[in-house]
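Notes follow once the structure below has been shown.
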Amino acid sequence: MEEKENIQFQLTDQLIEQVEILIEQKNDKELKKLLDEYHYADIAEILDEVDLEEAMYVIKLLDSETTADILMELDEDNREKVLRNLSAKEIAEEIEELDTDDAADIIAELPEERQHEVISKIEDLEHKAEIKELLKYDEDTAGGLMAKELVKVYETWTVAGCLRRIRGQAKDVTRVHSIYVVDKQEKLVGRLSLKDLITAKSEQKIAELSNANVDYVFVDEEAEEVARVMQKYDLEAIPVIDQERTLLGRITIDDIVDVIREEADKDYQMAAGISQDVEADDSIFKLTRARLPWLLIGVVGGIGAASIIDNFSGNLGPYIILLSFVPLIQGTAGNVGVQSSAIIVQGLANGSIGNNVFKRLLKELLLGLVNGIAIGLLAFIITHFIFGAPYNVSFTIGIALITVIIMAALIGTFIPIFLDKKGIDPAVATGPFITTSNDIFGVFLYFLVAKIILGF
C-alpha cells in the first residue's frame, strides 16, 4: 500500500499536466475516463493545483454524486471560489448528494442571503428540514458535528419487523456502525449490534436484545469533549441526545478526526506564538496581526533580561566571564519550560491529568532536580576544564543551572494548569510566553546565585 502511494505521489505533476491537456483539448471522454480511476480525494487534490477555470470545467463534467464528495475535500479557499461560480440550484444539487452534516457545513460557508437561496432550491423536503435544523447549532458543538442519518429501531418492534424497516433506513447511511434503540417518545434507551439482530429469533422483541449501556453526548457538548469521549472509549460513532434524552443524530469518527486535526493545528500555532488561526497564503496584514503580539512579548522579555544583566554587570569585576554563559542559562530555562508545559498541555487535552496539582508540581520538582544535577555537573566540567574558568565560577554556573532548571520546570507546569482552571486555553502558555518568562526569571536567578556564592 505504501509503495502504491509513493508511486502516485511521484506521478502527481505528470497527472496534473495530463488533466490540463485534456481540458484544453475539450476531450471530455478521455478526461472522465482518467478521473474515474481516482478517488474523489485525489481528484480534489488535483483541482487544488489547477486554476479555477479548469477546476470548474471538471466540476461541471463529473456527476453530482462525485463532485459533492470532491467539494468536501477541496481546500477551503478553493471551495469558496468554486461555490461562488456555481448557481444556487447547482449547489443545491451537490448538497442533496451529501450527508446532512456535510451539507450543513457547505451551506454554513455561504453568505447568509446565499444560504436561503440555496436551501430554497433543495427539492428533498426531509433533507432540507434536517439541514435547517443542523444550521441552528454552533459548529463547535456536538450539534454542529452530528449528522441526522442513522439507523434507529423501537424497543417494541420484533426482530422480523425490525429487519424489514431498517433496510429503508440503512440505504441513506454511508456506514452502519450501530443500531440505536428508542422508546415511543424517541428517547434513546440502548443500542443493538447487527450480530445480535441477525442471530436472534424472528419473534423476539428488540427490548430483549437491546444493550442499555450506550455512550452518548449531549447536543450542546463542546467538540473537544466529544473528541475526548470518542478517543477514550475507542468509538467509531456516538449518538447525540438533548436534555430529555431524545435521539437527535450521530457523530462519526471522520468528523472527530477533523476536530482533532484542527485543535492540533491551533495548539501548534499557539505554541509557536501565533495567536490567530491563519494559513500560509493569508494576507501580510492578517499574518502580522497574528504574530506581532507574541513578538512584542518576546521583546519586552528581552529588554527585561537585558535590564537585569545591566544591573549586575557593573559589580562583576573579576567575574565578568559570567556574562558569557547568559545565553546558556536563557536557552536551558526556555527549553525546560517548553518541555514541561508541552507535557501538561497534552495531558490536559486528553484528560490524563487529574486535580492533584501539588502532586504534579512535586513530580516536576524532582524531575527538574535530577535533570538539573546532570546538566549542572556537565556544565561545571566543561566550564572548568575546557573554558578554564575558576573553580568557584564553574561551581556557581552549575548551581545556577540546577536552580534555573527547577524554576523553569515549575513555571512550565503551573501556568498551563492555572490557565486551564481559569477557562483559558492552556496552549497559550507554551512557546513565547513560557520562554520569555523563563528568560527573565532565569537570568535573575543566575546572577542572584552568583552574588550569593561569589559575594560580588
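Each chain in the C-alpha cells gets a letter, A, B and so on, in the order shown; residues start at 1 in every chain, and ligands are counted from 1 in the order they appear.
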Item to check | Long-range neighbours of Val50 of chain A as a ChimeraX atom specification, 12 Å cut-off, only C-alpha atoms, 6 positions minimum in chain | outcome: /A:12-13,15-21,23,43-44,56-58,74,78
Restricting it to all heavy atoms, dump the selection as a compact mmCIF listing (two decimals), in the first residue's frame.
# COMPACT_ATOMS: atom_id res chain seq x y z
N THR A 12 2.11 12.76 -9.58
CA THR A 12 1.16 13.86 -9.40
C THR A 12 1.34 14.96 -10.43
O THR A 12 0.39 15.37 -11.09
CB THR A 12 1.30 14.45 -7.98
OG1 THR A 12 0.96 13.48 -7.02
CG2 THR A 12 0.36 15.64 -7.81
N ASP A 13 2.55 15.47 -10.61
CA ASP A 13 2.80 16.54 -11.56
C ASP A 13 2.44 16.12 -12.98
O ASP A 13 1.84 16.88 -13.75
CB ASP A 13 4.28 16.97 -11.51
CG ASP A 13 4.61 17.69 -10.21
OD1 ASP A 13 3.67 18.17 -9.56
OD2 ASP A 13 5.80 17.76 -9.85
N LEU A 15 0.30 13.79 -13.80
CA LEU A 15 -1.15 13.62 -13.86
C LEU A 15 -1.84 14.98 -14.03
O LEU A 15 -2.75 15.13 -14.85
CB LEU A 15 -1.65 12.93 -12.60
CG LEU A 15 -3.16 12.77 -12.46
CD1 LEU A 15 -3.73 11.92 -13.59
CD2 LEU A 15 -3.51 12.14 -11.11
N ILE A 16 -1.41 15.97 -13.26
CA ILE A 16 -1.99 17.31 -13.37
C ILE A 16 -1.81 17.86 -14.78
O ILE A 16 -2.73 18.43 -15.37
CB ILE A 16 -1.36 18.26 -12.32
CG1 ILE A 16 -1.78 17.84 -10.91
CG2 ILE A 16 -1.77 19.70 -12.58
CD1 ILE A 16 -1.06 18.55 -9.81
N GLU A 17 -0.61 17.67 -15.32
CA GLU A 17 -0.33 18.14 -16.68
C GLU A 17 -1.24 17.43 -17.69
O GLU A 17 -1.76 18.05 -18.62
CB GLU A 17 1.15 17.87 -17.03
CG GLU A 17 1.56 18.43 -18.37
CD GLU A 17 3.04 18.16 -18.66
OE1 GLU A 17 3.76 17.74 -17.73
OE2 GLU A 17 3.44 18.37 -19.81
N GLN A 18 -1.44 16.13 -17.48
CA GLN A 18 -2.30 15.35 -18.37
C GLN A 18 -3.75 15.86 -18.31
O GLN A 18 -4.43 15.99 -19.33
CB GLN A 18 -2.24 13.87 -17.99
CG GLN A 18 -2.90 12.93 -19.00
CD GLN A 18 -2.71 11.47 -18.60
OE1 GLN A 18 -2.03 11.15 -17.61
NE2 GLN A 18 -3.33 10.59 -19.36
N VAL A 19 -4.23 16.14 -17.09
CA VAL A 19 -5.58 16.68 -16.90
C VAL A 19 -5.71 18.02 -17.61
O VAL A 19 -6.71 18.28 -18.30
CB VAL A 19 -5.91 16.82 -15.40
CG1 VAL A 19 -7.19 17.64 -15.19
CG2 VAL A 19 -6.06 15.45 -14.76
N GLU A 20 -4.72 18.89 -17.44
CA GLU A 20 -4.77 20.21 -18.07
C GLU A 20 -4.79 20.12 -19.60
O GLU A 20 -5.51 20.88 -20.26
CB GLU A 20 -3.57 21.04 -17.61
CG GLU A 20 -3.65 21.46 -16.14
CD GLU A 20 -2.40 22.17 -15.65
OE1 GLU A 20 -1.30 21.85 -16.16
OE2 GLU A 20 -2.51 23.02 -14.76
N ILE A 21 -4.05 19.17 -20.13
CA ILE A 21 -4.04 18.98 -21.60
C ILE A 21 -5.40 18.52 -22.10
O ILE A 21 -5.93 19.04 -23.10
CB ILE A 21 -2.95 17.96 -22.01
CG1 ILE A 21 -1.55 18.56 -21.77
CG2 ILE A 21 -3.11 17.54 -23.47
CD1 ILE A 21 -0.42 17.56 -21.94
N ILE A 23 -8.28 18.99 -20.69
CA ILE A 23 -9.23 20.10 -20.55
C ILE A 23 -9.07 21.07 -21.71
O ILE A 23 -10.07 21.52 -22.32
CB ILE A 23 -9.02 20.83 -19.20
CG1 ILE A 23 -9.43 19.93 -18.03
CG2 ILE A 23 -9.84 22.13 -19.17
CD1 ILE A 23 -9.12 20.52 -16.67
N ILE A 43 -8.89 13.51 -6.71
CA ILE A 43 -9.36 14.48 -7.70
C ILE A 43 -9.38 15.88 -7.08
O ILE A 43 -9.01 16.87 -7.72
CB ILE A 43 -10.76 14.10 -8.22
CG1 ILE A 43 -10.72 12.72 -8.89
CG2 ILE A 43 -11.27 15.14 -9.22
CD1 ILE A 43 -12.08 12.19 -9.31
N ALA A 44 -9.80 15.96 -5.83
CA ALA A 44 -9.81 17.25 -5.13
C ALA A 44 -8.40 17.82 -5.03
O ALA A 44 -8.19 19.03 -5.21
CB ALA A 44 -10.41 17.08 -3.73
N MET A 56 -13.45 24.37 -12.46
CA MET A 56 -14.88 24.46 -12.77
C MET A 56 -15.25 23.56 -13.93
O MET A 56 -16.34 22.97 -13.96
CB MET A 56 -15.26 25.91 -13.09
CG MET A 56 -15.17 26.87 -11.91
SD MET A 56 -16.14 26.34 -10.47
CE MET A 56 -17.77 26.19 -11.16
N TYR A 57 -14.35 23.41 -14.89
CA TYR A 57 -14.60 22.54 -16.04
C TYR A 57 -14.81 21.09 -15.56
O TYR A 57 -15.73 20.40 -16.01
CB TYR A 57 -13.42 22.61 -17.01
CG TYR A 57 -13.65 21.89 -18.32
CD1 TYR A 57 -14.14 22.58 -19.43
CD2 TYR A 57 -13.37 20.53 -18.46
CE1 TYR A 57 -14.37 21.91 -20.64
CE2 TYR A 57 -13.59 19.86 -19.65
CZ TYR A 57 -14.08 20.56 -20.74
OH TYR A 57 -14.31 19.90 -21.93
N VAL A 58 -13.95 20.65 -14.64
CA VAL A 58 -14.04 19.28 -14.11
C VAL A 58 -15.31 19.12 -13.28
O VAL A 58 -16.03 18.12 -13.39
CB VAL A 58 -12.80 18.93 -13.27
CG1 VAL A 58 -12.98 17.58 -12.58
CG2 VAL A 58 -11.55 18.91 -14.15
N LEU A 74 -11.91 19.70 -1.02
CA LEU A 74 -11.16 20.84 -1.55
C LEU A 74 -10.63 21.73 -0.43
O LEU A 74 -11.22 21.82 0.66
CB LEU A 74 -12.05 21.70 -2.46
CG LEU A 74 -12.35 21.20 -3.88
CD1 LEU A 74 -13.32 22.15 -4.56
CD2 LEU A 74 -11.07 21.07 -4.69
N ASN A 78 -10.23 27.36 -2.03
CA ASN A 78 -10.63 26.93 -3.38
C ASN A 78 -12.10 26.55 -3.43
O ASN A 78 -12.79 26.81 -4.43
CB ASN A 78 -9.77 25.74 -3.83
CG ASN A 78 -8.33 26.15 -4.09
OD1 ASN A 78 -8.06 27.29 -4.45
ND2 ASN A 78 -7.40 25.23 -3.91
Next on the checklist: I want to know what sits within 9 Å of Gly249 of chain A, based on only C-alpha atoms, with residues of the same chain fewer than 5 positions away left out; could you give that as a list in words?
Outcome noted: Gly143, Met146, Ala147, Lys148, Glu149, Leu150, Val219, Ile238, Pro239, Val240 and Ile241 of chain A
Go ahead and write the selection's residues with N, CA and C atoms as a PDB file, in the first residue's frame.
ATOM      1  N   GLY A 143     -23.913  19.278  18.302  1.00  0.00           N
ATOM      2  CA  GLY A 143     -24.975  19.537  17.336  1.00  0.00           C
ATOM      3  C   GLY A 143     -24.445  19.987  15.994  1.00  0.00           C
ATOM      4  N   MET A 146     -22.907  16.683  14.300  1.00  0.00           N
ATOM      5  CA  MET A 146     -23.703  15.470  14.064  1.00  0.00           C
ATOM      6  C   MET A 146     -24.360  15.449  12.684  1.00  0.00           C
ATOM      7  N   ALA A 147     -24.660  14.243  12.254  1.00  0.00           N
ATOM      8  CA  ALA A 147     -25.462  14.006  11.046  1.00  0.00           C
ATOM      9  C   ALA A 147     -26.795  13.413  11.487  1.00  0.00           C
ATOM     10  N   LYS A 148     -27.828  13.672  10.703  1.00  0.00           N
ATOM     11  CA  LYS A 148     -29.144  13.136  11.035  1.00  0.00           C
ATOM     12  C   LYS A 148     -29.298  11.692  10.566  1.00  0.00           C
ATOM     13  N   GLU A 149     -28.446  11.279   9.620  1.00  0.00           N
ATOM     14  CA  GLU A 149     -28.548   9.913   9.084  1.00  0.00           C
ATOM     15  C   GLU A 149     -28.099   8.895  10.138  1.00  0.00           C
ATOM     16  N   LEU A 150     -28.974   7.996  10.489  1.00  0.00           N
ATOM     17  CA  LEU A 150     -28.645   6.911  11.419  1.00  0.00           C
ATOM     18  C   LEU A 150     -29.700   5.820  11.277  1.00  0.00           C
ATOM     19  N   VAL A 219     -26.261  17.433  22.933  1.00  0.00           N
ATOM     20  CA  VAL A 219     -26.194  18.220  21.709  1.00  0.00           C
ATOM     21  C   VAL A 219     -25.379  19.509  21.871  1.00  0.00           C
ATOM     22  N   ILE A 238     -20.991   7.939  17.765  1.00  0.00           N
ATOM     23  CA  ILE A 238     -21.628   8.165  19.066  1.00  0.00           C
ATOM     24  C   ILE A 238     -22.943   8.909  18.848  1.00  0.00           C
ATOM     25  N   PRO A 239     -24.020   8.488  19.530  1.00  0.00           N
ATOM     26  CA  PRO A 239     -25.307   9.177  19.364  1.00  0.00           C
ATOM     27  C   PRO A 239     -25.329  10.519  20.093  1.00  0.00           C
ATOM     28  N   VAL A 240     -26.136  11.425  19.600  1.00  0.00           N
ATOM     29  CA  VAL A 240     -26.288  12.757  20.197  1.00  0.00           C
ATOM     30  C   VAL A 240     -27.719  12.891  20.699  1.00  0.00           C
ATOM     31  N   ILE A 241     -27.873  13.338  21.946  1.00  0.00           N
ATOM     32  CA  ILE A 241     -29.204  13.480  22.538  1.00  0.00           C
ATOM     33  C   ILE A 241     -29.364  14.874  23.136  1.00  0.00           C
TER      34      ILE A 241
END
Next on the checklist: According to DSSP computed on the backbone, where in segment 65-185 of chain A is there strand (DSSP E or B)? Give the residues as a ChimeraX atom specification.
Outcome noted: /A:141,147,151-154,158,179-182
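One distance worth recording is that between atom CA of Leu365 of chain A and atom CA of Met407 of chain A, which is 8.3 Å.
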Item to check | segment 151-162 of chain A surroundings by only C-alpha atoms, 10 Å radius, close-in-sequence under 2 positions cut, as a PyMOL selection string | outcome: chain A and resi 148-149+164-173+175-192+196-210+247+249-250
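Taking only C-alpha atoms, the non-local environment of Val229 of chain A within 12 Å (same-chain residues fewer than 2 positions away omitted) comprises Ala142, Asp215, Tyr216, Val217, Phe218, Glu221, Glu222, Ala223, Glu224, Glu225, Val226, Ala227, Gln231, Lys232, Tyr233, Asp234, Leu235, Glu236, Ala237, Ile238, Pro239, Ile251, Ile253, Ile256, Ala349, Asn350 and Gly351 of chain A.
Atom CA of Ile375 of chain A to atom CA of Leu348 of chain A spans 28.4 Å [interatomic distance, one decimal].
By chain and then residue number, the residues within 12 Å of Lys121 of chain A are A:Ser87, A:Ala88, A:Lys89, A:Glu90, A:Ile91, A:Ala92, A:Glu93, A:Glu94, A:Ile95, A:Glu96, A:Arg114, A:Gln115, A:His116, A:Glu117, A:Leu125, A:His127, A:Lys128, counting only C-alpha atoms and disregarding those fewer than 4 positions away in sequence.
Taking atom CA of Leu22 of chain A and atom CA of Glu37 of chain A as the two end points, the separation is 15.2 Å.
Near Glu80 of chain A, within 12 Å and counting only C-alpha atoms, sit Asp48, Leu52, Leu71, Met72, Leu74, Leu86, Ile91, Ile106, Ile107, Ala108, Glu109, Leu110 and Pro111 of chain A; same-chain residues fewer than 6 positions away were not included.
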For the selection you just gave me, I'd like the residues written to a file as a tab-separated table (two decimals), in the first residue's frame, keeping N, CA and C atoms.
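Result file follows (out_33.tsv):
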chain	number	residue	atom	x	y	z
A	48	ASP	N	-7.09	21.36	-6.60
A	48	ASP	CA	-6.43	22.38	-5.78
A	48	ASP	C	-5.20	22.95	-6.49
A	52	LEU	N	-8.78	28.06	-11.44
A	52	LEU	CA	-10.21	28.00	-11.16
A	52	LEU	C	-11.02	27.59	-12.39
A	71	LEU	N	-16.08	18.41	-3.40
A	71	LEU	CA	-16.23	19.71	-2.74
A	71	LEU	C	-15.79	19.66	-1.28
A	72	MET	N	-16.14	18.58	-0.60
A	72	MET	CA	-15.80	18.45	0.82
A	72	MET	C	-14.30	18.31	1.05
A	74	LEU	N	-11.91	19.70	-1.02
A	74	LEU	CA	-11.16	20.84	-1.55
A	74	LEU	C	-10.63	21.73	-0.43
A	86	LEU	N	-20.83	28.65	-8.86
A	86	LEU	CA	-21.95	27.74	-9.09
A	86	LEU	C	-23.26	28.47	-8.77
A	91	ILE	N	-25.54	24.26	-6.55
A	91	ILE	CA	-25.07	23.95	-5.19
A	91	ILE	C	-26.08	23.04	-4.49
A	106	ILE	N	-21.26	22.92	4.26
A	106	ILE	CA	-21.12	23.65	3.00
A	106	ILE	C	-21.97	24.92	3.02
A	107	ILE	N	-23.22	24.77	3.41
A	107	ILE	CA	-24.14	25.92	3.42
A	107	ILE	C	-23.67	26.98	4.40
A	108	ALA	N	-23.13	26.55	5.54
A	108	ALA	CA	-22.67	27.49	6.56
A	108	ALA	C	-21.53	28.39	6.05
A	109	GLU	N	-20.81	27.92	5.04
A	109	GLU	CA	-19.71	28.70	4.49
A	109	GLU	C	-20.20	29.81	3.55
A	110	LEU	N	-21.46	29.75	3.15
A	110	LEU	CA	-22.01	30.73	2.22
A	110	LEU	C	-22.49	31.97	2.95
A	111	PRO	N	-22.54	33.12	2.26
A	111	PRO	CA	-23.15	34.32	2.84
A	111	PRO	C	-24.62	34.03	3.19
Item to check | Proximity to Gly302 of chain A - best of A:Ile353, A:Val443, A:Val214, A:Val345, only C-alpha atoms | outcome: A:Val443
Next on the checklist: Which residue is closest to Ser307 of chain A? Choose from A:Phe444, A:Tyr40, A:Tyr137, A:Tyr319 and count only C-alpha atoms.
Outcome noted: A:Phe444
Next on the checklist: I need the residues in segment 121-239 of chain A that are alpha helix (DSSP H) according to DSSP; give them as a PyMOL selection string.
Outcome noted: chain A and resi 125-134+142-145+159-170+194-199+206-209+223-232
So that I can see what lies close to segment 379-384 of chain A, please list as an mmCIF file with all heavy atoms, in the first residue's frame the residues with an atom at most 9 Å from it, counting only C-alpha atoms and leaving out residues fewer than 5 positions away in the same chain.
data_model
loop_
_atom_site.group_PDB
_atom_site.id
_atom_site.type_symbol
_atom_site.label_atom_id
_atom_site.label_comp_id
_atom_site.auth_asym_id
_atom_site.auth_seq_id
_atom_site.Cartn_x
_atom_site.Cartn_y
_atom_site.Cartn_z
ATOM 1 N N ALA A 374 22.347 16.690 36.571
ATOM 2 C CA ALA A 374 23.078 16.137 35.421
ATOM 3 C C ALA A 374 23.655 17.254 34.548
ATOM 4 O O ALA A 374 24.836 17.234 34.170
ATOM 5 C CB ALA A 374 22.155 15.238 34.605
ATOM 6 N N ALA A 389 37.592 28.297 33.338
ATOM 7 C CA ALA A 389 37.016 29.191 34.345
ATOM 8 C C ALA A 389 37.468 28.746 35.730
ATOM 9 O O ALA A 389 37.667 27.551 35.986
ATOM 10 C CB ALA A 389 35.495 29.159 34.247
ATOM 11 N N PRO A 390 37.613 29.686 36.654
ATOM 12 C CA PRO A 390 37.996 29.331 38.031
ATOM 13 C C PRO A 390 36.992 28.352 38.641
ATOM 14 O O PRO A 390 35.810 28.339 38.259
ATOM 15 C CB PRO A 390 37.973 30.681 38.762
ATOM 16 C CG PRO A 390 38.160 31.700 37.699
ATOM 17 C CD PRO A 390 37.506 31.151 36.476
ATOM 18 N N TYR A 391 37.465 27.607 39.610
ATOM 19 C CA TYR A 391 36.644 26.581 40.246
ATOM 20 C C TYR A 391 35.349 27.171 40.791
ATOM 21 O O TYR A 391 34.269 26.619 40.574
ATOM 22 C CB TYR A 391 37.424 25.905 41.377
ATOM 23 C CG TYR A 391 36.610 24.954 42.214
ATOM 24 C CD1 TYR A 391 36.401 23.638 41.802
ATOM 25 C CD2 TYR A 391 36.015 25.385 43.413
ATOM 26 C CE1 TYR A 391 35.639 22.769 42.566
ATOM 27 C CE2 TYR A 391 35.245 24.527 44.176
ATOM 28 C CZ TYR A 391 35.059 23.213 43.744
ATOM 29 O OH TYR A 391 34.303 22.362 44.497
ATOM 30 N N VAL A 393 33.765 29.895 39.971
ATOM 31 C CA VAL A 393 32.871 30.366 38.910
ATOM 32 C C VAL A 393 32.142 29.181 38.269
ATOM 33 O O VAL A 393 30.933 29.224 38.032
ATOM 34 C CB VAL A 393 33.655 31.153 37.842
ATOM 35 C CG1 VAL A 393 32.761 31.451 36.640
ATOM 36 C CG2 VAL A 393 34.195 32.455 38.424
ATOM 37 N N SER A 394 32.870 28.103 37.984
ATOM 38 C CA SER A 394 32.253 26.909 37.398
ATOM 39 C C SER A 394 31.226 26.295 38.342
ATOM 40 O O SER A 394 30.150 25.853 37.917
ATOM 41 C CB SER A 394 33.328 25.868 37.066
ATOM 42 O OG SER A 394 34.206 26.355 36.084
ATOM 43 N N PHE A 395 31.572 26.298 39.628
ATOM 44 C CA PHE A 395 30.638 25.785 40.636
ATOM 45 C C PHE A 395 29.367 26.640 40.654
ATOM 46 O O PHE A 395 28.253 26.124 40.733
ATOM 47 C CB PHE A 395 31.302 25.791 42.011
ATOM 48 C CG PHE A 395 30.403 25.326 43.125
ATOM 49 C CD1 PHE A 395 30.109 23.980 43.287
ATOM 50 C CD2 PHE A 395 29.840 26.248 44.008
ATOM 51 C CE1 PHE A 395 29.267 23.562 44.318
ATOM 52 C CE2 PHE A 395 28.997 25.835 45.031
ATOM 53 C CZ PHE A 395 28.719 24.490 45.182
ATOM 54 N N THR A 396 29.521 27.945 40.549
ATOM 55 C CA THR A 396 28.386 28.873 40.543
ATOM 56 C C THR A 396 27.480 28.614 39.339
ATOM 57 O O THR A 396 26.244 28.577 39.471
ATOM 58 C CB THR A 396 28.886 30.328 40.490
ATOM 59 O OG1 THR A 396 29.647 30.587 41.672
ATOM 60 C CG2 THR A 396 27.732 31.305 40.389
ATOM 61 N N ILE A 397 28.098 28.434 38.178
ATOM 62 C CA ILE A 397 27.312 28.174 36.963
ATOM 63 C C ILE A 397 26.520 26.871 37.107
ATOM 64 O O ILE A 397 25.344 26.792 36.739
ATOM 65 C CB ILE A 397 28.229 28.128 35.728
ATOM 66 C CG1 ILE A 397 28.832 29.519 35.466
ATOM 67 C CG2 ILE A 397 27.459 27.648 34.494
ATOM 68 C CD1 ILE A 397 29.920 29.541 34.426
ATOM 69 N N GLY A 398 27.166 25.848 37.660
ATOM 70 C CA GLY A 398 26.492 24.566 37.860
ATOM 71 C C GLY A 398 25.313 24.671 38.807
ATOM 72 O O GLY A 398 24.211 24.166 38.519
ATOM 73 N N ILE A 399 25.496 25.344 39.946
ATOM 74 C CA ILE A 399 24.420 25.509 40.921
ATOM 75 C C ILE A 399 23.290 26.367 40.331
ATOM 76 O O ILE A 399 22.100 26.084 40.527
ATOM 77 C CB ILE A 399 24.956 26.160 42.212
ATOM 78 C CG1 ILE A 399 25.950 25.223 42.917
ATOM 79 C CG2 ILE A 399 23.809 26.517 43.150
ATOM 80 C CD1 ILE A 399 25.347 23.904 43.366
ATOM 81 N N LEU A 401 22.443 26.629 37.204
ATOM 82 C CA LEU A 401 21.694 25.823 36.232
ATOM 83 C C LEU A 401 20.688 24.905 36.932
ATOM 84 O O LEU A 401 19.550 24.756 36.474
ATOM 85 C CB LEU A 401 22.654 24.995 35.379
ATOM 86 C CG LEU A 401 23.194 25.687 34.121
ATOM 87 C CD1 LEU A 401 24.314 24.861 33.507
ATOM 88 C CD2 LEU A 401 22.082 25.910 33.096
#
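Proximity to Leu361 of chain A was assessed for A:Phe414, A:Lys81, A:Gly388, A:Thr332 counting only C-alpha atoms; the smallest distance is recorded for A:Phe414.
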